[in-house]
Amino acid sequence: MKNVYFFGFVLLSLLASCDDGELIVTNFDFDSDTSLQFCSTETETVIFALETDPNETIFFKFNDGDFTGSFQGTAIDTSFTYNVTDDNQIIYRSLSSSITADYFCNTIPPTQSNVKEEYVSTNGGTVTFNITVNSPTGDDADTDGDGVTDIVEGKNESPQKDTDGDGVPDYLDKDDDNDNVLTQIENNLSNQPTFEDTFPDTDEDGIPNYLDDDDDNDGILTRYEDLNAADNITEEDPDLNLNPTDDDTNQNGIPNYLDPEDTGELIIEEFKANELSRNFTTVVLAENISLKNTSNNEEITLETLVMGKLQVTKTVEVESQIE
Ligand SMILES: [Ca+2]
Ligand SMILES: [Ca+2]
Ligand SMILES: [Ca+2]
Ligand SMILES: [Ca+2]
């Protein structure tokens with residue numbers, strides 16, 4: 001067969017003749033269930049599928065060393081598209097033996113002797129990455145891991161609860177009142193009055209500490225009751241040490257932010273980084289591409305080809321945005 005065109009099929013079977021008359025069957029058997037992996041250098045990323053029955057691989061190498069398969073921020077998905085060019089290529093190889101990720105994780109090796117058949121994209125068409133972030137579900141789900149469930153943190157409310165108004169909904173916010181004491185810490189104080197017999201409420205003002213930006217009701221924000229925040233900064237390490245829990249000016253064993261007798265303040269408008277471990281799924285979709293056989297120039301055109309799915313778990317910043 002000289003030219004074979006397939007439109008709208010993800011699964012493609014191709015019969016091709018070899019010089020010696022042997023018939024080779026090539027299956028482009030890749031879809032959203034195919035597992036993808038990736039490797040990056042400073043300037044290039046290769047995202048690839050490895051299959052063993054039969055031994056074959058498809059990969060997309062593209063000029064972007066910053067690909068991570070993840071994203072920062074509060075969005076639930078994002079997508080971006082590359083044009084297929086001489087630099088951004090899709091390559092399929094049918095192999096005589098199995099390979100591992102090492103095959104890709106240096107520079108792309110030249111066609112090797114175990115390559116039975118190779119197809120390389122010609123210019124034209126696109127590859128789109130659709131990245132979604134997966135949130136846990138169920139009554140016990142606690143996406144930000146702060147010990148308060150997503151349901152209590154108002155994930156299902158409309159609009160979603162954002163107690164400190166920093167643009168990060170409470171279910172993604174490890175410091176829900178932006179006072180630089182993590183929710184996890186505020187809810188694990190012992191020997192404190194409680195709000196509705198559940199959450200500590202030191203000043204008994206009806207606002208649990210983890211949602212109260214002035215935990216002792218002394219008129220000084222908890223965030224400001226952090227007098228030693230700048231004590232140890234240096235030129236090399238200029239970051240403030242944001243931690244109101246380690247200040248106790250009158251040395252009575254009660255930290256200033258829980259002690260209405262201690263009212264010293266240091267105006268601090270910085271906030272702890274809100275870093276979360278999150279699970280991301282990237283589906284890689286090629287559209288309107290042509291692949292050319294490198295030995296006989298046979299060309300295949302595909303309207304859509306789902307190369308597969310990449311799963312990544314990564315710690316990312318879901319940032320606060322205080323005016
Ligand atoms: Ca939270
Ligand atoms: Ca807090
Ligand atoms: Ca608080
Ligand atoms: Ca105080």
# chains A, B, ... in the order shown; residues from 1 in each chain; ligands from 1
call {"tool": "closest_atom_pairs", "arguments": {"of": "chain A", "to": "ligand 4", "cutoff": "9 Å", "atoms": "only C-alpha atoms and all ligand atoms", "output": "tab-separated table"}}
result
residue	atom	partner	partner_atom_place_in_ligand_line	distance
A:Asp214	CA	ligand 4	1 (Ca)	8.2
A:Asp215	CA	ligand 4	1 (Ca)	8.0
A:Asp216	CA	ligand 4	1 (Ca)	5.8
A:Asn217	CA	ligand 4	1 (Ca)	7.6
A:Asp218	CA	ligand 4	1 (Ca)	5.6
A:Gly219	CA	ligand 4	1 (Ca)	8.1
A:Ile220	CA	ligand 4	1 (Ca)	6.6
A:Leu221	CA	ligand 4	1 (Ca)	8.2
A:Thr222	CA	ligand 4	1 (Ca)	7.3
A:Glu225	CA	ligand 4	1 (Ca)	6.4
A:Pro255	CA	ligand 4	1 (Ca)	7.6
A:Asn256	CA	ligand 4	1 (Ca)	4.3
A:Tyr257	CA	ligand 4	1 (Ca)	4.3
A:Leu258	CA	ligand 4	1 (Ca)	5.5
A:Asp259	CA	ligand 4	1 (Ca)	4.3
A:Pro260	CA	ligand 4	1 (Ca)	4.2
A:Glu261	CA	ligand 4	1 (Ca)	6.0
A:Asp262	CA	ligand 4	1 (Ca)	4.4
A:Thr263	CA	ligand 4	1 (Ca)	4.7
A:Gly264	CA	ligand 4	1 (Ca)	7.3
A:Glu265	CA	ligand 4	1 (Ca)	8.7
call {"tool": "residues_near_ligand", "arguments": {"ligand": "ligand 1", "cutoff": "10 Å", "atoms": "only C-alpha atoms and all ligand atoms", "output": "number ranges by chain"}}
result
A: 142-150, 152-155, 161-163, 168-177, 182-184, 210-211
call {"tool": "residues_around", "arguments": {"residues": "Gly69 in chain A", "least_positions_apart": "2", "cutoff": "8 Å", "atoms": "only C-alpha atoms", "output": "PyMOL selection string"}}
result
chain A and resi 67+71+131+280-282+310-312
call {"tool": "residues_around", "arguments": {"residues": "Thr57 in chain A", "least_positions_apart": "5", "cutoff": "12 Å", "atoms": "only C-alpha atoms", "output": "PDB file with C-alpha atoms, in the first residue's frame"}}
result
ATOM      1  CA  THR A  26       1.601  -2.393  13.042  1.00  0.00           C
ATOM      2  CA  ASN A  27      -1.016  -1.457  15.598  1.00  0.00           C
ATOM      3  CA  PHE A  28      -1.345   2.133  16.726  1.00  0.00           C
ATOM      4  CA  ASP A  29      -3.018   0.818  19.796  1.00  0.00           C
ATOM      5  CA  PHE A  30      -2.782   3.890  21.996  1.00  0.00           C
ATOM      6  CA  THR A  34      -2.157   4.087  27.704  1.00  0.00           C
ATOM      7  CA  SER A  35       0.318   5.098  30.417  1.00  0.00           C
ATOM      8  CA  LEU A  36       2.701   7.883  29.534  1.00  0.00           C
ATOM      9  CA  GLN A  37       5.975   8.897  31.189  1.00  0.00           C
ATOM     10  CA  VAL A  46      10.003  13.764  25.718  1.00  0.00           C
ATOM     11  CA  ILE A  47       6.662  12.252  26.659  1.00  0.00           C
ATOM     12  CA  PHE A  48       6.411   8.587  25.761  1.00  0.00           C
ATOM     13  CA  ALA A  49       4.453   5.333  25.912  1.00  0.00           C
ATOM     14  CA  LEU A  50       6.178   1.964  26.231  1.00  0.00           C
ATOM     15  CA  GLU A  51       4.274  -1.138  25.143  1.00  0.00           C
ATOM     16  CA  THR A  52       5.542  -4.712  25.263  1.00  0.00           C
ATOM     17  CA  ILE A  90       5.800  12.610  17.105  1.00  0.00           C
ATOM     18  CA  ILE A  91       7.695   9.395  16.470  1.00  0.00           C
ATOM     19  CA  TYR A  92       6.431   5.830  16.450  1.00  0.00           C
ATOM     20  CA  ARG A  93       8.801   2.872  16.600  1.00  0.00           C
ATOM     21  CA  SER A  94       8.058  -0.807  16.343  1.00  0.00           C
ATOM     22  CA  LEU A  95      10.813  -2.674  18.189  1.00  0.00           C
ATOM     23  CA  SER A  96      12.313  -6.143  18.110  1.00  0.00           C
ATOM     24  CA  SER A  97      12.902  -6.120  21.876  1.00  0.00           C
ATOM     25  CA  SER A  98      11.558  -4.283  24.919  1.00  0.00           C
ATOM     26  CA  ILE A  99      13.010  -0.974  26.096  1.00  0.00           C
ATOM     27  CA  THR A 100      12.828   0.965  29.363  1.00  0.00           C
ATOM     28  CA  ALA A 101      12.480   4.643  30.204  1.00  0.00           C
ATOM     29  CA  TYR A 103      15.873   4.727  26.264  1.00  0.00           C
ATOM     30  CA  PHE A 104      14.532   8.296  26.431  1.00  0.00           C
ATOM     31  CA  ASN A 114      16.195  -2.970  17.363  1.00  0.00           C
ATOM     32  CA  VAL A 115      13.872  -0.630  15.455  1.00  0.00           C
ATOM     33  CA  LYS A 116      11.815  -2.687  13.031  1.00  0.00           C
ATOM     34  CA  GLU A 117       9.782   0.152  11.704  1.00  0.00           C
ATOM     35  CA  GLU A 118       9.695   3.892  12.314  1.00  0.00           C
ATOM     36  CA  TYR A 119       7.211   6.625  11.508  1.00  0.00           C
ATOM     37  CA  MET A 307      -1.324   9.090  22.753  1.00  0.00           C
ATOM     38  CA  GLY A 308      -2.146   8.291  26.366  1.00  0.00           C
TER      39      GLY A 308
END
call {"tool": "residues_around", "arguments": {"residues": "Ile289 in chain A", "least_positions_apart": "3", "cutoff": "7 Å", "atoms": "only C-alpha atoms", "output": "list in words"}}
result
Ser121, Gly124, Gly125, Thr126, Ala286, Thr301, Leu302 and Glu303 of chain A
call {"tool": "write_last_selection", "arguments": {"atoms": "N, CA and C atoms", "output": "compact mmCIF listing (two decimals), in the first residue's frame"}}
result
# COMPACT_ATOMS: atom_id res chain seq x y z
N SER A 121 6.63 12.20 12.35
CA SER A 121 5.65 13.18 11.90
C SER A 121 6.25 14.14 10.88
N GLY A 124 2.96 20.03 10.46
CA GLY A 124 1.52 20.24 10.39
C GLY A 124 0.82 19.45 11.47
N GLY A 125 -0.33 19.99 11.90
CA GLY A 125 -1.08 19.36 12.97
C GLY A 125 -0.62 19.87 14.33
N THR A 126 -1.25 19.38 15.36
CA THR A 126 -1.00 19.88 16.71
C THR A 126 -0.97 18.73 17.72
N ALA A 286 -3.09 14.19 19.83
CA ALA A 286 -2.55 14.70 18.56
C ALA A 286 -3.71 14.84 17.57
N THR A 301 -2.16 9.53 7.65
CA THR A 301 -2.74 10.75 8.19
C THR A 301 -3.80 10.39 9.23
N LEU A 302 -3.72 11.05 10.36
CA LEU A 302 -4.65 10.77 11.47
C LEU A 302 -5.34 12.06 11.87
N GLU A 303 -6.66 12.00 11.96
CA GLU A 303 -7.39 13.18 12.43
C GLU A 303 -7.22 13.36 13.93
call {"tool": "atom_distance", "arguments": {"atom1": "CA of Asp247 in chain A", "atom2": "CA of Ala229 in chain A"}}
result
9.1 Å
